[in-house]
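Below is target19.pdb, holding PDB, C-alpha atoms and all ligand atoms.
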MODEL        1
ATOM      1  CA  MET P   1      32.204  -5.193  -8.461
ATOM      2  CA  LYS P   2      31.430  -3.021  -5.440
ATOM      3  CA  GLU P   3      31.046  -4.330  -1.916
ATOM      4  CA  MET P   4      27.504  -3.526  -0.831
ATOM      5  CA  ASN P   5      25.266  -4.584   2.010
ATOM      6  CA  GLU P   6      21.689  -5.761   1.404
ATOM      7  CA  ASN P   7      20.160  -2.325   2.045
ATOM      8  CA  GLN P   8      22.472  -0.690  -0.473
ATOM      9  CA  ILE P   9      21.684  -3.378  -3.024
ATOM     10  CA  ILE P  10      17.943  -2.804  -2.562
ATOM     11  CA  ILE P  11      18.445   0.935  -3.133
ATOM     12  CA  GLY P  12      20.349   0.127  -6.333
ATOM     13  CA  VAL P  13      17.545  -2.171  -7.497
ATOM     14  CA  GLU P  14      14.937   0.493  -6.651
ATOM     15  CA  ASP P  15      16.805   3.061  -8.756
ATOM     16  CA  PHE P  16      16.934   0.662 -11.685
ATOM     17  CA  ALA P  17      13.225  -0.223 -11.275
ATOM     18  CA  LYS P  18      12.191   3.453 -11.190
ATOM     19  CA  VAL P  19      13.903   4.187 -14.501
ATOM     20  CA  SER P  20      12.749   0.942 -16.122
ATOM     21  CA  THR P  21       9.024   1.732 -15.851
ATOM     22  CA  ASN P  22       9.185   5.186 -17.422
ATOM     23  CA  GLU P  23       7.444   4.093 -20.617
ATOM     24  CA  PHE P  24       4.764   1.990 -18.966
ATOM     25  CA  ASP P  25       1.207   3.107 -18.217
ATOM     26  CA  SER P  26       0.724   4.406 -14.692
ATOM     27  CA  GLY P  27      -0.870   1.119 -13.580
ATOM     28  CA  HIS P  28       2.552  -0.434 -14.193
ATOM     29  CA  ASP P  29       4.666   2.378 -12.808
ATOM     30  CA  TRP P  30       7.084   2.517  -9.910
ATOM     31  CA  TRP P  31       4.185   2.608  -7.463
ATOM     32  CA  HIS P  32       2.925  -0.756  -8.722
ATOM     33  CA  LEU P  33       6.384  -2.217  -8.100
ATOM     34  CA  ASN P  34       6.490  -0.614  -4.672
ATOM     35  CA  ARG P  35       3.031  -1.970  -3.735
ATOM     36  CA  VAL P  36       3.953  -5.446  -4.977
ATOM     37  CA  ARG P  37       7.189  -5.323  -2.967
ATOM     38  CA  ASN P  38       5.297  -4.319   0.193
ATOM     39  CA  LEU P  39       2.619  -6.977  -0.345
ATOM     40  CA  ALA P  40       5.265  -9.613  -1.051
ATOM     41  CA  LEU P  41       7.198  -8.785   2.123
ATOM     42  CA  HIS P  42       3.953  -8.923   4.095
ATOM     43  CA  LEU P  43       3.124 -12.354   2.628
ATOM     44  CA  GLN P  44       6.659 -13.589   3.308
ATOM     45  CA  GLN P  45       6.373 -12.633   6.945
ATOM     46  CA  ALA P  46       2.883 -14.065   7.390
ATOM     47  CA  GLU P  47       3.694 -17.348   5.640
ATOM     48  CA  ASN P  48       7.287 -17.549   6.813
ATOM     49  CA  ILE P  49       8.470 -19.068   3.527
ATOM     50  CA  GLY P  50      11.041 -17.975   0.964
ATOM     51  CA  ASN P  51      14.134 -15.825   1.137
ATOM     52  CA  ARG P  52      13.163 -12.249   2.005
ATOM     53  CA  PHE P  53      16.000 -10.603   0.083
ATOM     54  CA  THR P  54      15.289 -12.602  -3.098
ATOM     55  CA  ILE P  55      11.569 -11.834  -2.781
ATOM     56  CA  GLU P  56      12.186  -8.108  -2.421
ATOM     57  CA  ILE P  57      14.458  -7.943  -5.475
ATOM     58  CA  ALA P  58      12.174 -10.172  -7.557
ATOM     59  CA  ALA P  59       9.119  -8.071  -6.663
ATOM     60  CA  LEU P  60      10.873  -4.865  -7.710
ATOM     61  CA  LEU P  61      11.998  -6.412 -11.006
ATOM     62  CA  HIS P  62       8.981  -8.598 -11.890
ATOM     63  CA  ASP P  63       7.728  -6.317 -14.675
ATOM     64  CA  ILE P  64      11.095  -5.448 -16.279
ATOM     65  CA  ASP P  65      10.672  -5.739 -20.042
ATOM     66  CA  ASP P  66       6.938  -6.545 -19.830
ATOM     67  CA  LYS P  67       5.794  -7.780 -23.244
ATOM     68  CA  LYS P  68       2.849  -5.402 -23.290
ATOM     69  CA  PHE P  69       5.209  -2.431 -23.474
ATOM     70  CA  ARG P  70       8.085  -3.871 -25.433
ATOM     71  CA  LYS P  71       8.934  -1.850 -28.488
ATOM     72  CA  GLY P  72      11.018  -4.545 -30.119
ATOM     73  CA  GLY P  73      14.781  -4.617 -30.281
ATOM     74  CA  ASP P  74      17.143  -7.022 -28.694
ATOM     75  CA  VAL P  75      17.288  -5.819 -25.123
ATOM     76  CA  VAL P  76      15.861  -8.627 -23.067
ATOM     77  CA  ALA P  77      14.947  -8.773 -19.413
ATOM     78  CA  GLU P  78      17.410 -11.526 -18.689
ATOM     79  CA  THR P  79      20.443  -9.518 -19.786
ATOM     80  CA  LEU P  80      19.227  -6.310 -18.172
ATOM     81  CA  ILE P  81      18.611  -7.992 -14.847
ATOM     82  CA  SER P  82      21.715 -10.108 -14.785
ATOM     83  CA  ASP P  83      24.051  -7.222 -15.734
ATOM     84  CA  MET P  84      22.511  -4.952 -13.133
ATOM     85  CA  LEU P  85      22.532  -7.492 -10.297
ATOM     86  CA  GLN P  86      26.064  -8.545 -11.116
ATOM     87  CA  GLU P  87      27.115  -4.904 -10.914
ATOM     88  CA  LEU P  88      25.542  -4.709  -7.445
ATOM     89  CA  GLY P  89      27.359  -7.857  -6.367
ATOM     90  CA  VAL P  90      24.270 -10.119  -6.050
ATOM     91  CA  GLY P  91      25.079 -13.847  -6.191
ATOM     92  CA  GLU P  92      24.317 -16.069  -9.176
ATOM     93  CA  GLY P  93      21.688 -18.185  -7.377
ATOM     94  CA  ILE P  94      19.537 -15.201  -6.403
ATOM     95  CA  THR P  95      19.988 -13.632  -9.839
ATOM     96  CA  GLN P  96      18.795 -16.774 -11.637
ATOM     97  CA  GLU P  97      15.701 -16.997  -9.404
ATOM     98  CA  VAL P  98      14.867 -13.315  -9.994
ATOM     99  CA  ILE P  99      15.141 -13.892 -13.756
ATOM    100  CA  ARG P 100      12.877 -16.944 -13.583
ATOM    101  CA  ILE P 101      10.244 -15.015 -11.644
ATOM    102  CA  ASN P 102      10.367 -12.130 -14.119
ATOM    103  CA  LYS P 103      10.040 -14.560 -17.028
ATOM    104  CA  TYR P 104       7.159 -16.717 -15.833
ATOM    105  CA  ILE P 105       5.112 -14.511 -13.504
ATOM    106  CA  SER P 106       2.691 -13.109 -16.039
ATOM    107  CA  PHE P 107      -0.856 -14.418 -16.278
ATOM    108  CA  SER P 108      -0.482 -14.942 -20.011
ATOM    109  CA  SER P 109       2.990 -16.430 -20.139
ATOM    110  CA  GLU P 110       2.717 -18.693 -17.112
ATOM    111  CA  ALA P 111       3.922 -22.113 -18.157
ATOM    112  CA  LYS P 112       1.736 -24.729 -16.530
ATOM    113  CA  THR P 113       4.620 -27.073 -15.863
ATOM    114  CA  ILE P 114       7.191 -24.881 -14.181
ATOM    115  CA  ILE P 115       8.186 -25.690 -10.650
ATOM    116  CA  LYS P 116       7.420 -22.694  -8.486
ATOM    117  CA  SER P 117       9.787 -21.779  -5.673
ATOM    118  CA  SER P 118       8.438 -20.210  -2.472
ATOM    119  CA  GLU P 119       9.774 -16.867  -3.715
ATOM    120  CA  PHE P 120       7.879 -17.315  -6.976
ATOM    121  CA  LEU P 121       4.606 -18.175  -5.191
ATOM    122  CA  ILE P 122       4.880 -15.097  -2.964
ATOM    123  CA  VAL P 123       5.717 -12.555  -5.685
ATOM    124  CA  GLN P 124       3.035 -13.962  -7.980
ATOM    125  CA  ASP P 125       0.422 -13.644  -5.226
ATOM    126  CA  ALA P 126       1.520 -10.068  -4.516
ATOM    127  CA  ASP P 127       1.291  -9.104  -8.198
ATOM    128  CA  ARG P 128      -2.162 -10.683  -8.497
ATOM    129  CA  LEU P 129      -3.418  -8.952  -5.343
ATOM    130  CA  ASP P 130      -2.460  -5.600  -6.861
ATOM    131  CA  ALA P 131      -4.717  -6.405  -9.845
ATOM    132  CA  ILE P 132      -7.889  -6.710  -7.713
ATOM    133  CA  GLY P 133      -9.657  -4.579  -5.098
ATOM    134  CA  ALA P 134      -9.965  -0.804  -5.474
ATOM    135  CA  ILE P 135      -6.422  -0.552  -6.844
ATOM    136  CA  GLY P 136      -7.248  -3.280  -9.353
ATOM    137  CA  VAL P 137     -10.269  -1.315 -10.609
ATOM    138  CA  ALA P 138      -8.145   1.815 -10.965
ATOM    139  CA  ARG P 139      -5.375  -0.059 -12.789
ATOM    140  CA  ALA P 140      -7.760  -1.803 -15.167
ATOM    141  CA  PHE P 141      -9.411   1.438 -16.296
ATOM    142  CA  ASN P 142      -6.067   3.142 -16.538
ATOM    143  CA  TYR P 143      -4.711   0.386 -18.766
ATOM    144  CA  GLY P 144      -7.916   0.318 -20.831
ATOM    145  CA  GLY P 145      -7.602   4.070 -21.311
ATOM    146  CA  PHE P 146      -3.959   3.727 -22.273
ATOM    147  CA  ARG P 147      -5.070   1.274 -24.995
ATOM    148  CA  ASN P 148      -8.147   3.376 -25.801
ATOM    149  CA  ASN P 149     -10.399   0.372 -25.191
ATOM    150  CA  ALA P 150     -14.134   0.786 -24.563
ATOM    151  CA  ILE P 151     -15.200   1.032 -20.928
ATOM    152  CA  TYR P 152     -18.008  -1.455 -21.538
ATOM    153  CA  ILE P 153     -19.609  -3.186 -24.496
ATOM    154  CA  PRO P 154     -23.128  -4.190 -23.418
ATOM    155  CA  ASP P 155     -24.197  -7.827 -23.820
ATOM    156  CA  SER P 156     -20.694  -9.144 -24.261
ATOM    157  CA  LYS P 157     -19.566 -10.225 -20.796
ATOM    158  CA  GLY P 158     -16.439 -12.323 -21.028
ATOM    159  CA  SER P 159     -15.480 -14.010 -24.296
ATOM    160  CA  GLU P 160     -14.775 -10.617 -25.832
ATOM    161  CA  LYS P 161     -11.042 -11.027 -25.417
ATOM    162  CA  ASP P 162     -10.468  -7.915 -23.369
ATOM    163  CA  ALA P 163     -12.136  -5.653 -25.924
ATOM    164  CA  SER P 164     -13.567  -3.587 -23.083
ATOM    165  CA  THR P 165     -12.288  -2.998 -19.586
ATOM    166  CA  ILE P 166     -15.446  -4.420 -18.012
ATOM    167  CA  GLY P 167     -14.825  -7.472 -20.231
ATOM    168  CA  HIS P 168     -11.347  -7.758 -18.728
ATOM    169  CA  PHE P 169     -12.954  -8.234 -15.299
ATOM    170  CA  TYR P 170     -14.534 -11.470 -16.610
ATOM    171  CA  ASP P 171     -11.540 -12.535 -18.677
ATOM    172  CA  LYS P 172      -9.110 -12.172 -15.806
ATOM    173  CA  LEU P 173      -9.775 -10.174 -12.662
ATOM    174  CA  LEU P 174     -12.680 -12.195 -11.262
ATOM    175  CA  LYS P 175     -10.626 -15.379 -11.686
ATOM    176  CA  LEU P 176      -7.673 -14.238  -9.620
ATOM    177  CA  LYS P 177      -9.017 -15.003  -6.144
ATOM    178  CA  ASP P 178      -9.078 -18.717  -6.985
ATOM    179  CA  MET P 179      -5.556 -18.605  -8.357
ATOM    180  CA  MET P 180      -3.760 -17.470  -5.201
ATOM    181  CA  ASN P 181      -0.926 -19.705  -4.026
ATOM    182  CA  THR P 182      -0.726 -18.928  -0.298
ATOM    183  CA  PRO P 183      -3.459 -18.925   2.402
ATOM    184  CA  THR P 184      -2.632 -15.341   3.445
ATOM    185  CA  ALA P 185      -3.050 -14.097  -0.120
ATOM    186  CA  LYS P 186      -6.305 -16.061  -0.494
ATOM    187  CA  LYS P 187      -7.785 -14.260   2.499
ATOM    188  CA  LEU P 188      -6.713 -10.848   1.207
ATOM    189  CA  ALA P 189      -7.971 -11.743  -2.272
ATOM    190  CA  GLU P 190     -11.435 -12.618  -1.007
ATOM    191  CA  LYS P 191     -11.847  -9.118   0.436
ATOM    192  CA  ARG P 192     -10.557  -7.514  -2.745
ATOM    193  CA  HIS P 193     -12.799  -9.743  -4.869
ATOM    194  CA  ILE P 194     -15.863  -8.419  -3.036
ATOM    195  CA  ILE P 195     -14.798  -4.885  -4.003
ATOM    196  CA  LEU P 196     -14.778  -5.955  -7.671
ATOM    197  CA  GLU P 197     -18.257  -7.444  -7.373
ATOM    198  CA  GLN P 198     -19.629  -4.381  -5.605
ATOM    199  CA  PHE P 199     -18.076  -2.160  -8.251
ATOM    200  CA  LEU P 200     -19.640  -4.197 -11.074
ATOM    201  CA  ASN P 201     -23.074  -4.169  -9.420
ATOM    202  CA  LYS P 202     -23.005  -0.402  -9.045
ATOM    203  CA  PHE P 203     -21.618  -0.004 -12.556
ATOM    204  CA  TYR P 204     -24.559  -1.909 -14.112
ATOM    205  CA  GLU P 205     -27.046  -0.160 -11.827
ATOM    206  CA  GLU P 206     -25.834   3.243 -13.012
ATOM    207  CA  TRP P 207     -25.412   2.125 -16.637
ATOM    208  CA  ASN P 208     -29.031   0.982 -16.729
ATOM    209  CA  PHE P 209     -30.418   3.840 -14.659
ATOM    210  CA  ALA P 210     -33.481   5.362 -16.297
ATOM    211  CA  SER P 211     -33.149   2.958 -19.205
ATOM    212  CA  PRO P 212     -36.529   2.179 -20.848
ATOM    213  CA  ASP P 213     -35.899  -1.505 -20.020
ATOM    214  CA  ASN P 214     -36.296  -0.648 -16.348
ATOM    215  CA  HIS P 215     -39.832   0.748 -16.673
TER     216      HIS P 215
HETATM  217  P1  LIG P 301       0.592  -9.620 -15.241
HETATM  218  O1  LIG P 301       1.082  -8.697 -14.150
HETATM  219  O2  LIG P 301       0.268 -10.996 -14.806
HETATM  220  O3  LIG P 301       1.406  -9.535 -16.503
HETATM  221  P2  LIG P 301      -1.075  -8.080 -16.705
HETATM  222  O4  LIG P 301       0.200  -7.391 -17.082
HETATM  223  O5  LIG P 301      -1.892  -8.787 -17.712
HETATM  224  O6  LIG P 301      -0.782  -9.074 -15.587
HETATM  225  O7  LIG P 301      -1.966  -7.028 -16.016
HETATM  226  C1  LIG P 301      -1.412  -6.011 -15.295
HETATM  227  C2  LIG P 301      -2.442  -4.918 -15.061
HETATM  228  O8  LIG P 301      -2.954  -4.433 -16.296
HETATM  229  C3  LIG P 301      -3.606  -5.422 -14.256
HETATM  230  O9  LIG P 301      -4.025  -4.446 -13.349
HETATM  231  C4  LIG P 301      -4.632  -5.684 -15.316
HETATM  232  O10 LIG P 301      -5.934  -5.585 -14.849
HETATM  233  C5  LIG P 301      -4.333  -4.620 -16.344
HETATM  234  N1  LIG P 301      -4.745  -5.083 -17.667
HETATM  235  C6  LIG P 301      -4.139  -6.007 -18.450
HETATM  236  N2  LIG P 301      -4.839  -6.214 -19.590
HETATM  237  C7  LIG P 301      -5.920  -5.398 -19.517
HETATM  238  C8  LIG P 301      -7.041  -5.125 -20.375
HETATM  239  N3  LIG P 301      -7.194  -5.726 -21.537
HETATM  240  N4  LIG P 301      -7.957  -4.218 -19.955
HETATM  241  C9  LIG P 301      -7.807  -3.581 -18.772
HETATM  242  N5  LIG P 301      -6.798  -3.794 -17.918
HETATM  243  C10 LIG P 301      -5.857  -4.682 -18.279
HETATM  244 NI    NI P 302       2.996  -6.516 -12.195
ENDMDL
END
As structure tokens, please, write out the structure in this file.
Amino acid sequence: MKEMNENQIIIGVEDFAKVSTNEFDSGHDWWHLNRVRNLALHLQQAENIGNRFTIEIAALLHDIDDKKFRKGGDVVAETLISDMLQELGVGEGITQEVIRINKYISFSSEAKTIIKSSEFLIVQDADRLDAIGAIGVARAFNYGGFRNNAIYIPDSKGSEKDASTIGHFYDKLLKLKDMMNTPTAKKLAEKRHIILEQFLNKFYEEWNFASPDNH
């Protein structure tokens, strides 16, 4: 085990995170991790809760081994993260918290009963903020394209189980502003939510432009 200071450890975690997202779509690339890290550190400062170092590491590693991109095999996030952090000399307590955040952060896999630490609340808010606003729109269409989903299936708002990317707005994105944990994230989410609504309004306006229904 090497002796490293916190800055050196963060650089080590960044290097690992950069390589780990190579196979993901570009909405889940290094830049997503970097934005989530920056948002999380901003929230930590504004709310003054949670351990900053844990939050930074957890933000950088929150999407390691995301189920959406898993190709099968027996490499699991827990082992990857714990081996890497041990190598960097990170303590067991921080490592366990980072693993918990990675495991339970996702919208789909969130267990209703888990007790959320301050670090968990902050990183989850940061990840959710990056799914809304202008960046959220870009990421949704990028992911939809990656899956070759339809942009929009008329007359099927919601309930279509993410068959189209516009459908995904109703299935998930428009719900996120009411799911924020911290007051600072709620405020930011409200602004980003308005961007989603404005986007949808313009989208329908253009979709229906010059349609016979409008005459
Ligand atoms: P989490 O980070 O909670 O796991 P997801 O991985 O489900 O959340 O979503 C991450 C990103 O991928 C978000 O920007 C989200 O909008 C996008 N995404 C996920 N599923 C879809 C889908 N069916 N259509 C379009 N975008 C999607
Ligand atoms: Ni994420």
Sorted by chain and rising residue number, list the residues of chain P at most 7 Å from ligand LIG 301 (chain P) (counting only C-alpha atoms and all ligand atoms), each with its closest atom pair and distance in Å to one decimal, as a Markdown table.
| residue | atom | partner | partner_atom | distance |
| --- | --- | --- | --- | --- |
| P:Gly27 | CA | P:LIG301 | O9 | 6.4 |
| P:His28 | CA | P:LIG301 | C2 | 6.8 |
| P:Ile105 | CA | P:LIG301 | O2 | 6.1 |
| P:Ser106 | CA | P:LIG301 | O2 | 3.4 |
| P:Phe107 | CA | P:LIG301 | O2 | 3.9 |
| P:Ser108 | CA | P:LIG301 | O2 | 6.6 |
| P:Asp127 | CA | P:LIG301 | O1 | 6.0 |
| P:Arg128 | CA | P:LIG301 | O2 | 6.8 |
| P:Asp130 | CA | P:LIG301 | O9 | 6.8 |
| P:Ala131 | CA | P:LIG301 | O9 | 4.1 |
| P:Gly136 | CA | P:LIG301 | O9 | 5.3 |
| P:Arg139 | CA | P:LIG301 | O9 | 4.6 |
| P:Ala140 | CA | P:LIG301 | N5 | 3.5 |
| P:Phe141 | CA | P:LIG301 | C9 | 5.8 |
| P:Tyr143 | CA | P:LIG301 | N5 | 4.7 |
| P:Gly144 | CA | P:LIG301 | C9 | 4.4 |
| P:Asp162 | CA | P:LIG301 | N3 | 4.3 |
| P:Ala163 | CA | P:LIG301 | N3 | 6.6 |
| P:Ser164 | CA | P:LIG301 | N4 | 6.5 |
| P:Thr165 | CA | P:LIG301 | N4 | 4.5 |
| P:His168 | CA | P:LIG301 | N4 | 5.1 |
| P:Leu173 | CA | P:LIG301 | O10 | 6.4 |
**OP:** Name the residues in contact with region 96-99 of chain P at a cut-off of 9 Å, using all atoms listed in the file, excluding same-chain residues fewer than 6 positions from it; report them as a list of chain:residue names.
**Re:**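 The neighbour list is P:Thr54, P:Ile55, P:Ile57, P:Ala58, P:Ala59, P:Leu61, P:His62, P:Ala77, P:Glu78, P:Ile81, P:Ser82, P:Ser117, P:Glu119, P:Phe120.
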**OP:** Expand the PyMOL selection byres (((chain P and resi 179-194) around 9) and not hetatm) into the individual residues it matches in the shown file, reporting them as a PyMOL selection string.
**Re:** chain P and resi 43+46-47+121-122+124-126+128-129+132-134+136+173-178+195-199
Original post:
Any idea what the distance is between CA of Ile64 (chain P) and CA of Ile135 (chain P)?
Top reply: 20.5 Å
Subject >> Atom pair CA of Lys202 (chain P) / CA of Gly167 (chain P): separation (Å) >> reply: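 Computing it gives 15.6 Å between the two atoms.
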Subject >> Result set of the PyMOL selection byres (((chain P and resi 36) around 8) and not hetatm) on the coordinates above, as an MDAnalysis selection string >> reply: chainID P and resid 32:35 37:40 59:60 123 126:127 130
With C-alpha atoms retained, write the just-selected residues as an mmCIF file, in the coordinates of the input.
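What follows is the written file out.cif:
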data_model
loop_
_atom_site.group_PDB
_atom_site.id
_atom_site.type_symbol
_atom_site.label_atom_id
_atom_site.label_comp_id
_atom_site.auth_asym_id
_atom_site.auth_seq_id
_atom_site.Cartn_x
_atom_site.Cartn_y
_atom_site.Cartn_z
ATOM 1 C CA HIS P 32 2.925 -0.756 -8.722
ATOM 2 C CA LEU P 33 6.384 -2.217 -8.100
ATOM 3 C CA ASN P 34 6.490 -0.614 -4.672
ATOM 4 C CA ARG P 35 3.031 -1.970 -3.735
ATOM 5 C CA ARG P 37 7.189 -5.323 -2.967
ATOM 6 C CA ASN P 38 5.297 -4.319 0.193
ATOM 7 C CA LEU P 39 2.619 -6.977 -0.345
ATOM 8 C CA ALA P 40 5.265 -9.613 -1.051
ATOM 9 C CA ALA P 59 9.119 -8.071 -6.663
ATOM 10 C CA LEU P 60 10.873 -4.865 -7.710
ATOM 11 C CA VAL P 123 5.717 -12.555 -5.685
ATOM 12 C CA ALA P 126 1.520 -10.068 -4.516
ATOM 13 C CA ASP P 127 1.291 -9.104 -8.198
ATOM 14 C CA ASP P 130 -2.460 -5.600 -6.861
#
Original post:
So, counting all atoms listed in the file, which residue among P:Lys103, P:Lys116, P:Arg52, P:Arg147 is closest to ligand NI 302 (chain P)?
Top reply: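 When distances to ligand NI 302 (chain P) are compared using all atoms listed in the file, the smallest one comes from P:Lys103.
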Original post:
Which residue, P:Ile9, P:Ile166, P:Met4, P:Ala210, has the smallest gap to Leu85 (chain P) when you use all atoms listed in the file?
Top reply: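 Checking each candidate against Leu85 (chain P), we get P:Ile9 as the closest.
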Original post:
Between P:Phe53, P:Phe16, P:Trp31, P:Phe203, which one has atoms that come closest to ligand NI 302 (chain P), using only C-alpha atoms and all ligand atoms?
Top reply: P:Trp31
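Across P:Asn5, P:Asn208, P:Asn102, P:Asn201, the tightest approach to ligand NI 302 (chain P) is made by P:Asn102 when counting only C-alpha atoms and all ligand atoms.
Across P:Arg100, P:Glu206, P:Asp65, P:Glu3, the tightest approach to ligand NI 302 (chain P) is made by P:Asp65 when counting only C-alpha atoms and all ligand atoms.
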**OP:** Could you check which of P:Thr21, P:Leu200, P:Asn148, P:Val76 is closest to Tyr170 (chain P), using only C-alpha atoms?
**Re:**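 Going through P:Thr21, P:Leu200, P:Asn148, P:Val76 one by one, the smallest distance to Tyr170 (chain P) is for P:Leu200.
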**OP:** Work out how far CA of Leu41 (chain P) is from CA of Asp63 (chain P), in Å to one decimal.
**Re:**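 Between these atoms lies a distance of 17.0 Å.
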